[in-house]
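Enquirer: Following this message is one structure expressed as C-alpha cells.
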Amino acid sequence: MEQLEQHIEAILFASEKPVEQQEIIDVLNNLQEEAFFESSTIESTLQQLRDKYKDPKYAFALVETGGGYQFLTKADYHDTVSVFLRQRSNKKLSTAAMETLAIIAYKQPVTKAEVEQIRGVNCDYTINKLLEKDLIVINGRAEAPGKPIIYGLSETFMDYFGINSIDDLPKPKEVAPTEDNTIGERTEEAE
C-alpha cells in the first residue's frame, strides 16, 4: 500500500481514544481487498512514526497507551493546552444556559421567577452559571413582593456573541418557523 504511514496517521488522528494495532490492521485490510497487512509491518510502521514524532519540531508524539496508539501533546506544551482547554470550556454553553440567556436577552430586565415561568423549570443553577461566566448581571431589585433580583445582559455577553448592542439581536419576527414548527431559518425580508 502506498503511503502506509499517512493512512495510519489518518486513523490515529481521527480517533479520540487509543487505537489498537489489530484495529489498524483490520481497517487497512478492509481498505485493500487484495493486500493483507501483517502485524510486523504495522508494528514497524508505528515505530517509524514514533521516531518521526520524537523530533522537537513536533508539539505532539505518537504514544503507546491504553492498549493502543494515540497522538498526545508533548509535556513541553501541557501548560499551553491547559490554558486553551480552560478557555474553551468557559465558552461552551449548555442548551439550558442558552435558553435562559435568550429569555434574559429578550425580556430584560427580568426576574428569575419570570424566566422559570417561561422555561417551565427551576433556573437557579443555570442563572448562577451565567453569572459566573459574567454573561448576565444583577440590575437591582424589582418593585414586587419580596423584591426579587432582576437580571440583564453584561458587556461580556456582547463580546461573547460579537454584537455591539441589544439592538443587534435578531428580532423575533426575523426568525421564521420551519415545517416542524421549530425556530431556525431567517425569513427573506429579514436578510
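Identifiers in this document derive from the order of the C-alpha cells: chains are assigned A, B, ..., residues are numbered from 1 separately in each chain, and ligands are numbered from 1 in order of occurrence.
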DSSP on the backbone, then: every residue of segment 8-154 of chain A marked strand (DSSP E), written as JSON, numbers by chain.

Expert: {"A": [60, 61, 62, 63, 64, 65, 68, 69, 70, 71, 72, 73, 110, 111, 136, 137, 138, 139, 140, 141, 149, 150, 151, 152, 153]}

Enquirer: Please provide as a list in words all residues within 12 Å of Ala59 of chain A, with the sequence filter that same-chain residues fewer than 6 positions apart are discarded (counting only C-alpha atoms).

Expert: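 So, after excluding close chain neighbours, the residues are Lys52, Tyr53, Phe71, Leu72, Thr73, Lys74, Ala75, Asp76, Tyr77, His78, Thr80 and Val81 of chain A.
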
Enquirer: Would you mind listing what lies within 9 Å of Ala142 of chain A as a ChimeraX atom specification, with only C-alpha atoms counted and same-chain residues fewer than 4 positions away left out?

Expert: /A:109-111,146-150

Enquirer: I need the chosen residues saved as a PDB file, in the first residue's frame, with C-alpha atoms.

Expert:
ATOM      1  CA  PRO A 109     -34.906  43.336  32.965  1.00  0.00           C
ATOM      2  CA  VAL A 110     -36.356  40.049  34.165  1.00  0.00           C
ATOM      3  CA  THR A 111     -36.638  38.141  37.438  1.00  0.00           C
ATOM      4  CA  GLY A 146     -40.182  40.009  48.130  1.00  0.00           C
ATOM      5  CA  LYS A 147     -38.176  42.450  45.993  1.00  0.00           C
ATOM      6  CA  PRO A 148     -36.784  39.758  43.625  1.00  0.00           C
ATOM      7  CA  ILE A 149     -33.464  40.299  41.871  1.00  0.00           C
ATOM      8  CA  ILE A 150     -33.698  41.429  38.272  1.00  0.00           C
TER       9      ILE A 150
END

Enquirer: Would you give me, as number ranges by chain, the residues in segment 6-181 of chain A that DSSP reads as helix (DSSP H, G or I)?

Expert: A: 6-14, 21-31, 39-52, 75-91, 95-107, 112-119, 124-132, 155-161, 166-168, 172-174

Enquirer: Considering only C-alpha atoms, return as a VMD selection string whatever protein or nucleic-acid residues lie within 9 Å of segment 89-105 of chain A, sequence-local ones (same chain, fewer than 4 positions apart) excluded.

Expert: chain A and resid 84 to 85 109 to 111 115 to 116 118 to 119 123 126 to 127 129 to 130 133 135 to 136 151 to 153 160 166 169

Enquirer: Those same residues - N, CA and C atoms - I'd like them written as a PDB file, in the first residue's frame.

Expert:
ATOM      1  N   PHE A  84      -5.671  26.644  26.894  1.00  0.00           N
ATOM      2  CA  PHE A  84      -6.596  26.567  25.759  1.00  0.00           C
ATOM      3  C   PHE A  84      -7.874  25.830  26.146  1.00  0.00           C
ATOM      4  N   LEU A  85      -7.742  24.678  26.778  1.00  0.00           N
ATOM      5  CA  LEU A  85      -8.921  23.884  27.157  1.00  0.00           C
ATOM      6  C   LEU A  85      -9.766  24.598  28.204  1.00  0.00           C
ATOM      7  N   PRO A 109     -35.272  43.993  31.717  1.00  0.00           N
ATOM      8  CA  PRO A 109     -34.906  43.336  32.965  1.00  0.00           C
ATOM      9  C   PRO A 109     -35.953  42.290  33.347  1.00  0.00           C
ATOM     10  N   VAL A 110     -35.473  41.179  33.892  1.00  0.00           N
ATOM     11  CA  VAL A 110     -36.356  40.049  34.165  1.00  0.00           C
ATOM     12  C   VAL A 110     -35.951  39.387  35.481  1.00  0.00           C
ATOM     13  N   THR A 111     -36.927  38.855  36.196  1.00  0.00           N
ATOM     14  CA  THR A 111     -36.638  38.141  37.438  1.00  0.00           C
ATOM     15  C   THR A 111     -36.464  36.654  37.147  1.00  0.00           C
ATOM     16  N   VAL A 115     -38.271  34.012  34.307  1.00  0.00           N
ATOM     17  CA  VAL A 115     -37.516  33.095  33.448  1.00  0.00           C
ATOM     18  C   VAL A 115     -38.029  31.671  33.666  1.00  0.00           C
ATOM     19  N   GLU A 116     -38.224  31.291  34.933  1.00  0.00           N
ATOM     20  CA  GLU A 116     -38.703  29.943  35.253  1.00  0.00           C
ATOM     21  C   GLU A 116     -40.112  29.715  34.728  1.00  0.00           C
ATOM     22  N   ILE A 118     -41.367  30.978  31.994  1.00  0.00           N
ATOM     23  CA  ILE A 118     -41.253  30.772  30.549  1.00  0.00           C
ATOM     24  C   ILE A 118     -40.641  29.409  30.248  1.00  0.00           C
ATOM     25  N   ARG A 119     -39.561  29.055  30.952  1.00  0.00           N
ATOM     26  CA  ARG A 119     -38.880  27.780  30.694  1.00  0.00           C
ATOM     27  C   ARG A 119     -39.625  26.594  31.291  1.00  0.00           C
ATOM     28  N   CYS A 123     -34.409  27.452  37.490  1.00  0.00           N
ATOM     29  CA  CYS A 123     -33.249  28.020  36.784  1.00  0.00           C
ATOM     30  C   CYS A 123     -32.138  28.480  37.716  1.00  0.00           C
ATOM     31  N   THR A 126     -28.594  27.357  36.461  1.00  0.00           N
ATOM     32  CA  THR A 126     -28.256  27.984  35.179  1.00  0.00           C
ATOM     33  C   THR A 126     -27.966  29.470  35.348  1.00  0.00           C
ATOM     34  N   ILE A 127     -28.778  30.158  36.114  1.00  0.00           N
ATOM     35  CA  ILE A 127     -28.546  31.586  36.338  1.00  0.00           C
ATOM     36  C   ILE A 127     -27.231  31.799  37.074  1.00  0.00           C
ATOM     37  N   LYS A 129     -24.588  29.889  36.900  1.00  0.00           N
ATOM     38  CA  LYS A 129     -23.511  29.648  35.926  1.00  0.00           C
ATOM     39  C   LYS A 129     -23.350  30.839  34.981  1.00  0.00           C
ATOM     40  N   LEU A 130     -24.462  31.416  34.553  1.00  0.00           N
ATOM     41  CA  LEU A 130     -24.387  32.585  33.674  1.00  0.00           C
ATOM     42  C   LEU A 130     -23.779  33.783  34.403  1.00  0.00           C
ATOM     43  N   LYS A 133     -20.012  33.128  34.578  1.00  0.00           N
ATOM     44  CA  LYS A 133     -19.381  33.366  33.279  1.00  0.00           C
ATOM     45  C   LYS A 133     -19.478  34.840  32.885  1.00  0.00           C
ATOM     46  N   LEU A 135     -21.983  36.521  31.874  1.00  0.00           N
ATOM     47  CA  LEU A 135     -22.809  36.785  30.693  1.00  0.00           C
ATOM     48  C   LEU A 135     -24.062  37.574  31.056  1.00  0.00           C
ATOM     49  N   ILE A 136     -24.455  37.494  32.328  1.00  0.00           N
ATOM     50  CA  ILE A 136     -25.567  38.299  32.820  1.00  0.00           C
ATOM     51  C   ILE A 136     -25.108  39.032  34.073  1.00  0.00           C
ATOM     52  N   TYR A 151     -32.413  40.614  36.411  1.00  0.00           N
ATOM     53  CA  TYR A 151     -31.216  40.305  35.647  1.00  0.00           C
ATOM     54  C   TYR A 151     -31.250  40.966  34.279  1.00  0.00           C
ATOM     55  N   GLY A 152     -30.059  41.234  33.772  1.00  0.00           N
ATOM     56  CA  GLY A 152     -29.902  41.768  32.423  1.00  0.00           C
ATOM     57  C   GLY A 152     -28.603  41.230  31.834  1.00  0.00           C
ATOM     58  N   LEU A 153     -28.320  41.636  30.622  1.00  0.00           N
ATOM     59  CA  LEU A 153     -27.115  41.171  29.934  1.00  0.00           C
ATOM     60  C   LEU A 153     -25.905  41.998  30.331  1.00  0.00           C
ATOM     61  N   TYR A 160     -18.990  38.035  23.755  1.00  0.00           N
ATOM     62  CA  TYR A 160     -19.131  36.595  23.516  1.00  0.00           C
ATOM     63  C   TYR A 160     -19.877  36.320  22.219  1.00  0.00           C
ATOM     64  N   ILE A 166     -27.847  45.531  22.298  1.00  0.00           N
ATOM     65  CA  ILE A 166     -29.016  44.655  22.324  1.00  0.00           C
ATOM     66  C   ILE A 166     -29.806  44.804  21.025  1.00  0.00           C
ATOM     67  N   LEU A 169     -29.438  42.116  18.302  1.00  0.00           N
ATOM     68  CA  LEU A 169     -30.058  40.789  18.385  1.00  0.00           C
ATOM     69  C   LEU A 169     -31.107  40.659  17.292  1.00  0.00           C
TER      70      LEU A 169
END

Enquirer: May I ask for the distance between atom CA of Glu38 of chain A and atom CA of Tyr58 of chain A, given in Å to one decimal place?

Expert: 28.5 Å

Enquirer: Tell me which protein, DNA and RNA residues are within 10 Å of Gln22 of chain A, counting only C-alpha atoms, leaving out same-chain ones fewer than 2 positions away, and put them as a list in words.

Expert: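 Selected residues are Val19, Glu20, Ile24, Ile25, Asp26, Val27, Leu28, Glu38, Ser39, Ile42 and Gly68 of chain A.
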
Enquirer: Kindly indicate which residue among A:Asn29, A:Ser44, A:Gln70, A:Ser165 lies nearest to Ala10 of chain A, using only C-alpha atoms for the distances.

Expert: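 Among the listed residues, A:Gln70 lies closest to Ala10 of chain A.
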
Enquirer: Just the number, please: distance in Å from atom CA of Gly162 of chain A to atom CA of Asp79 of chain A, one decimal.

Expert: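 Computing it gives 27.9 Å between the two atoms.
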
Enquirer: Could you list, as a ChimeraX atom specification, every residue within 12 Å of Gln48 of chain A, counting only C-alpha atoms and ignoring same-chain residues fewer than 5 positions away?

Expert: /A:4-6,8-9,41-43,53-55,61-62

Enquirer: Please report the interatomic distance between atom CA of Phe60 of chain A and atom CA of Phe13 of chain A in Å with one decimal.

Expert: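 Between atom CA of Phe60 of chain A and atom CA of Phe13 of chain A the gap is 11.3 Å.
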